[in-house]
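One structure below.
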Amino acid sequence: MKRFFLVLLCVFLLAGLVACGEEETPAGDGDRADRKLGVSAVVTTMMDGVHRTRVKGTVAAVVLDADGKILDCKLDEVTFTATLQEGVHTPVADLSTKEELGDLYRPTEEDLGGEEGSTAPWHEQAEKFCDYVEGKTGAQVGAIAATDGRTEQIPGCDLTVTDFITAVVEAANRAKPFPVGREDDLELALTAYHEPNNNAKKINYALDLAAVTLDEQHRITGCVTDQAEIRLTVEEDAFTTLSGLVKTKRQLGDGYGMKTASPIGKEWYQQADAFDAYAVGKTAQALAGLSLNEGKTDAVSGCTITVKEMLKNLIKAARQD
């Protein structure tokens with residue numbers, strides 16, 4: 001009889017342990033893998049005479065559901081002009097993005113395609129665009145009708161949306177699966193900066209972009225980073241760089257050409273994937289403690305690239321929650 005009661009007691013104890021284990025699992029975790037995260041950019045240079053080059057970077061981040069529909073969308077943009085005076089370039093002092101400037105940044109003639117339009121802050125109009133595309137697939141966003149870059153389909157958005165559309169569609173097409181929860185927040189960070197060098201004939205700027213999703217504990221549940229290098233050349237005190245599209249390192253893919261020079265035989269995007277995977281599960285505070293040696297880290301297996309600027313921008317994204 002005593003043995004019977006001992007067995008019965010064990011059964012109840014095991015049942016209780018199972019129940020406790022089930023309560024520790026956050027609600028909604030079971031469908032986390034059904035979501036995808038993507039980021040992309042449209043980066044262009046435009047010559048304005050021979051002493052001025054206009055740079056514009058439009059970045060989009062999206063979260064997709066299992067059917068490929070956009071659950072959340074974020075946009076940001078940075079524009080600046082590199083100038084030469086007697087063949088000398090002074091780095092641009094303010095490289096704030098339009099989202100960072102907030103209410104201080106009102107749409108310019110360039111933003112409105114040379115036409116009249118709403119003077120509502122850029123970030124408010126970009127948010128209207130994002131609200132409109134939520135619930136749509138990338139293909140449906142690509143079908144938005146735009147005349148001279150603007151559309152009448154989106155109330156409250158008079159901005160030129162051509163680059164918005166391109167960036168969102170590519171972000172959706174490039175999206176990768178992550179354990180993103182239903183209530184996780186999407187954050188996007190864009191940082192532009194001048195890269196100093198000792199060659200007066202080469203002027204270098206870069207854009208870092210990061211899309212992250214954050215859970216209630218501010219832990220990263222999804223992460224995608226990318227970079228764009230803007231190389232402006234100078235000859236006889238004038239810019240010689242042609243106007244055109246600048247591809248990011250992920251857009252270049254194997255064409256970036258790092259694999260043959262890499263000590264581990266991996267392309268840039270493959271090493272960035274390892275860096276992104278390392279960030280998942282960590283907070284901004286934890287990432288801030290990552291040890292660097294000349295911009296690189298030994299903490300991330302499969303990643304020997306310089307991550308200093310990527311890390312700073314990623315921390316910026318993870319701290320916006």
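Identifiers in this document derive from the order of the structure tokens: chains are assigned A, B, ..., residues are numbered from 1 separately in each chain, and ligands are numbered from 1 in order of occurrence.
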
Distance table requested - range 141-246 of chain A against range 128-133 of chain A, cut-off 7 Å, only C-alpha atoms: one row per qualifying residue with the closest atom pair and its distance in Å to one decimal, ordered by chain and rising residue number, as CSV.
residue,atom,partner,partner_atom,distance
A:Val141,CA,A:Val133,CA,6.3
A:Ile154,CA,A:Phe129,CA,6.5
A:Gly156,CA,A:Lys128,CA,6.3
A:Cys157,CA,A:Lys128,CA,6.1

Once you have the residues from the selection above, write them out as a JSON list (two decimals), in the first residue's frame, restricted to N, CA and C atoms.
[["chain", "number", "residue", "atom", "x", "y", "z"],
["A", 141, "VAL", "N", 3.01, 46.00, -53.21],
["A", 141, "VAL", "CA", 3.64, 47.30, -53.02],
["A", 141, "VAL", "C", 4.29, 47.76, -54.33],
["A", 154, "ILE", "N", -2.13, 57.15, -51.56],
["A", 154, "ILE", "CA", -1.81, 57.18, -50.13],
["A", 154, "ILE", "C", -2.16, 58.56, -49.55],
["A", 156, "GLY", "N", -2.27, 61.69, -47.32],
["A", 156, "GLY", "CA", -1.35, 62.23, -46.33],
["A", 156, "GLY", "C", 0.10, 62.07, -46.70],
["A", 157, "CYS", "N", 0.39, 61.53, -47.89],
["A", 157, "CYS", "CA", 1.78, 61.35, -48.32],
["A", 157, "CYS", "C", 1.96, 61.97, -49.71]]

Using only C-alpha atoms, which residues sit within 10 Å of Gln85 in chain A once same-chain residues fewer than 4 positions away are excluded, as a CSV table (one decimal) with N, CA and C atoms, in the first residue's frame?
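File produced: out.csv:
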chain,number,residue,atom,x,y,z
A,51,HIS,N,31.8,70.3,-58.8
A,51,HIS,CA,32.3,70.5,-57.5
A,51,HIS,C,31.3,70.1,-56.4
A,52,ARG,N,30.2,69.5,-56.8
A,52,ARG,CA,29.2,69.1,-55.9
A,52,ARG,C,28.6,67.7,-56.3
A,89,HIS,N,38.0,68.9,-50.0
A,89,HIS,CA,36.7,68.5,-49.5
A,89,HIS,C,36.8,68.6,-48.0
A,90,THR,N,35.7,69.3,-47.4
A,90,THR,CA,35.5,69.3,-46.0
A,90,THR,C,34.4,68.4,-45.6
A,237,ASP,N,41.0,68.9,-59.3
A,237,ASP,CA,40.1,69.7,-58.5
A,237,ASP,C,38.6,69.6,-58.8
A,238,ALA,N,38.2,68.5,-59.4
A,238,ALA,CA,36.8,68.3,-59.8
A,238,ALA,C,36.4,66.8,-59.5

Selection near Glu134 in chain A, 12 Å with only C-alpha atoms, sequence-local residues under 4 positions removed, as number ranges by chain: A: 61-65, 68-74, 127-130, 138, 140-141, 168, 172

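Using only C-alpha atoms, the smallest distance between any of A:Asp67, A:Asp76, A:Asp254, A:Asp158 and Asp111 in chain A comes from A:Asp158.
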
Members of range 120-256 of chain A assigned helix (DSSP H, G or I) by DSSP, as a ChimeraX atom specification: /A:122-133,138-142,162-174,249-256

Backbone DSSP call of strand (DSSP E or B) for range 180-298 of chain A, listed as an MDAnalysis selection string: chainID A and resid 185:195 202:214 220:235 238:239 244:246 293 296

Best match for closeness to Lys312 in chain A among A:Leu292, A:Lys136, A:Asp148, A:Gln153, counting only C-alpha atoms: A:Leu292

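Using only C-alpha atoms, the nearest neighbour of Thr166 in chain A within the list A:Thr58, A:Phe80, A:Leu186, A:Ala126 is A:Thr58.
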
Best match for closeness to Leu209 in chain A among A:Arg250, A:Lys259, A:Lys266, A:His194, counting only C-alpha atoms: A:Arg250

Interatomic distance, CA of Gly255 in chain A to CA of Ile305 in chain A (Å, one decimal): 16.4 Å

Of the listed residues A:Pro121, A:Pro177, A:Gly113, A:Gly142, that which approaches Thr160 in chain A most closely, counting only C-alpha atoms: A:Gly113

Residue neighbourhood Val280 in chain A, 8 Å, only C-alpha atoms, exclusion window fewer than 6 positions, as a list in words: Arg219, Ile220, Thr221, Gly222 and Cys223 of chain A

Go ahead and save the residues from that selection, with all heavy atoms, as a short mmCIF file (atom, residue, chain, number, x, y, z; two decimals), in the first residue's frame.
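Wrote it out as out35.cif, contents follow:
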data_model
loop_
_atom_site.label_atom_id
_atom_site.label_comp_id
_atom_site.auth_asym_id
_atom_site.auth_seq_id
_atom_site.Cartn_x
_atom_site.Cartn_y
_atom_site.Cartn_z
N ARG A 219 15.24 42.24 -25.84
CA ARG A 219 16.19 41.34 -26.46
C ARG A 219 15.94 41.30 -27.97
O ARG A 219 14.79 41.33 -28.41
CB ARG A 219 16.07 39.94 -25.87
CG ARG A 219 16.46 39.83 -24.40
CD ARG A 219 16.13 38.46 -23.85
NE ARG A 219 14.72 38.13 -24.00
CZ ARG A 219 14.12 37.11 -23.40
NH1 ARG A 219 14.82 36.29 -22.63
NH2 ARG A 219 12.82 36.88 -23.59
N ILE A 220 17.00 41.20 -28.72
CA ILE A 220 16.89 41.13 -30.17
C ILE A 220 16.39 39.74 -30.58
O ILE A 220 16.99 38.73 -30.20
CB ILE A 220 18.25 41.42 -30.83
CG1 ILE A 220 18.67 42.87 -30.55
CG2 ILE A 220 18.20 41.16 -32.34
CD1 ILE A 220 20.08 43.20 -31.00
N THR A 221 15.30 39.71 -31.32
CA THR A 221 14.77 38.44 -31.81
C THR A 221 15.01 38.24 -33.30
O THR A 221 14.90 37.13 -33.81
CB THR A 221 13.26 38.34 -31.53
OG1 THR A 221 12.59 39.46 -32.14
CG2 THR A 221 12.99 38.35 -30.03
N GLY A 222 15.33 39.33 -34.00
CA GLY A 222 15.68 39.27 -35.41
C GLY A 222 16.65 40.39 -35.72
O GLY A 222 16.54 41.47 -35.15
N CYS A 223 17.60 40.15 -36.62
CA CYS A 223 18.62 41.16 -36.90
C CYS A 223 19.15 40.99 -38.32
O CYS A 223 19.55 39.89 -38.71
CB CYS A 223 19.77 41.05 -35.90
SG CYS A 223 21.16 42.16 -36.24
#

Separation of CA of Gly281 in chain A from CA of Arg174 in chain A in Å: 21.6 Å

Counting only C-alpha atoms, the option among A:Leu214, A:Leu311, A:Leu84, A:Leu37 closest to Glu236 in chain A: A:Leu84

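Note that CA of Val59 in chain A and CA of Ala41 in chain A are 4.3 Å apart.
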
His123 in chain A environment, 10 Å, only C-alpha atoms, sequence neighbours closer than 2 positions dropped, as JSON, numbers by chain: {"A": [75, 76, 77, 98, 99, 100, 101, 102, 103, 104, 105, 106, 107, 120, 121, 125, 126, 127, 128, 129]}

Who sits within 9 Å of Ile264 in chain A, only C-alpha atoms, same chain under 4 positions skipped, as a VMD selection string: chain A and resid 259 302 to 304

Prev. selection, C-alpha atoms, output as a PDB file, in the first residue's frame:
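selection21.pdb was written with the following content:
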ATOM      1  CA  LYS A 259      35.877  35.666 -50.345  1.00  0.00           C
ATOM      2  CA  GLY A 302      32.733  33.005 -38.711  1.00  0.00           C
ATOM      3  CA  CYS A 303      33.161  36.792 -38.706  1.00  0.00           C
ATOM      4  CA  THR A 304      36.570  38.409 -39.285  1.00  0.00           C
TER       5      THR A 304
END
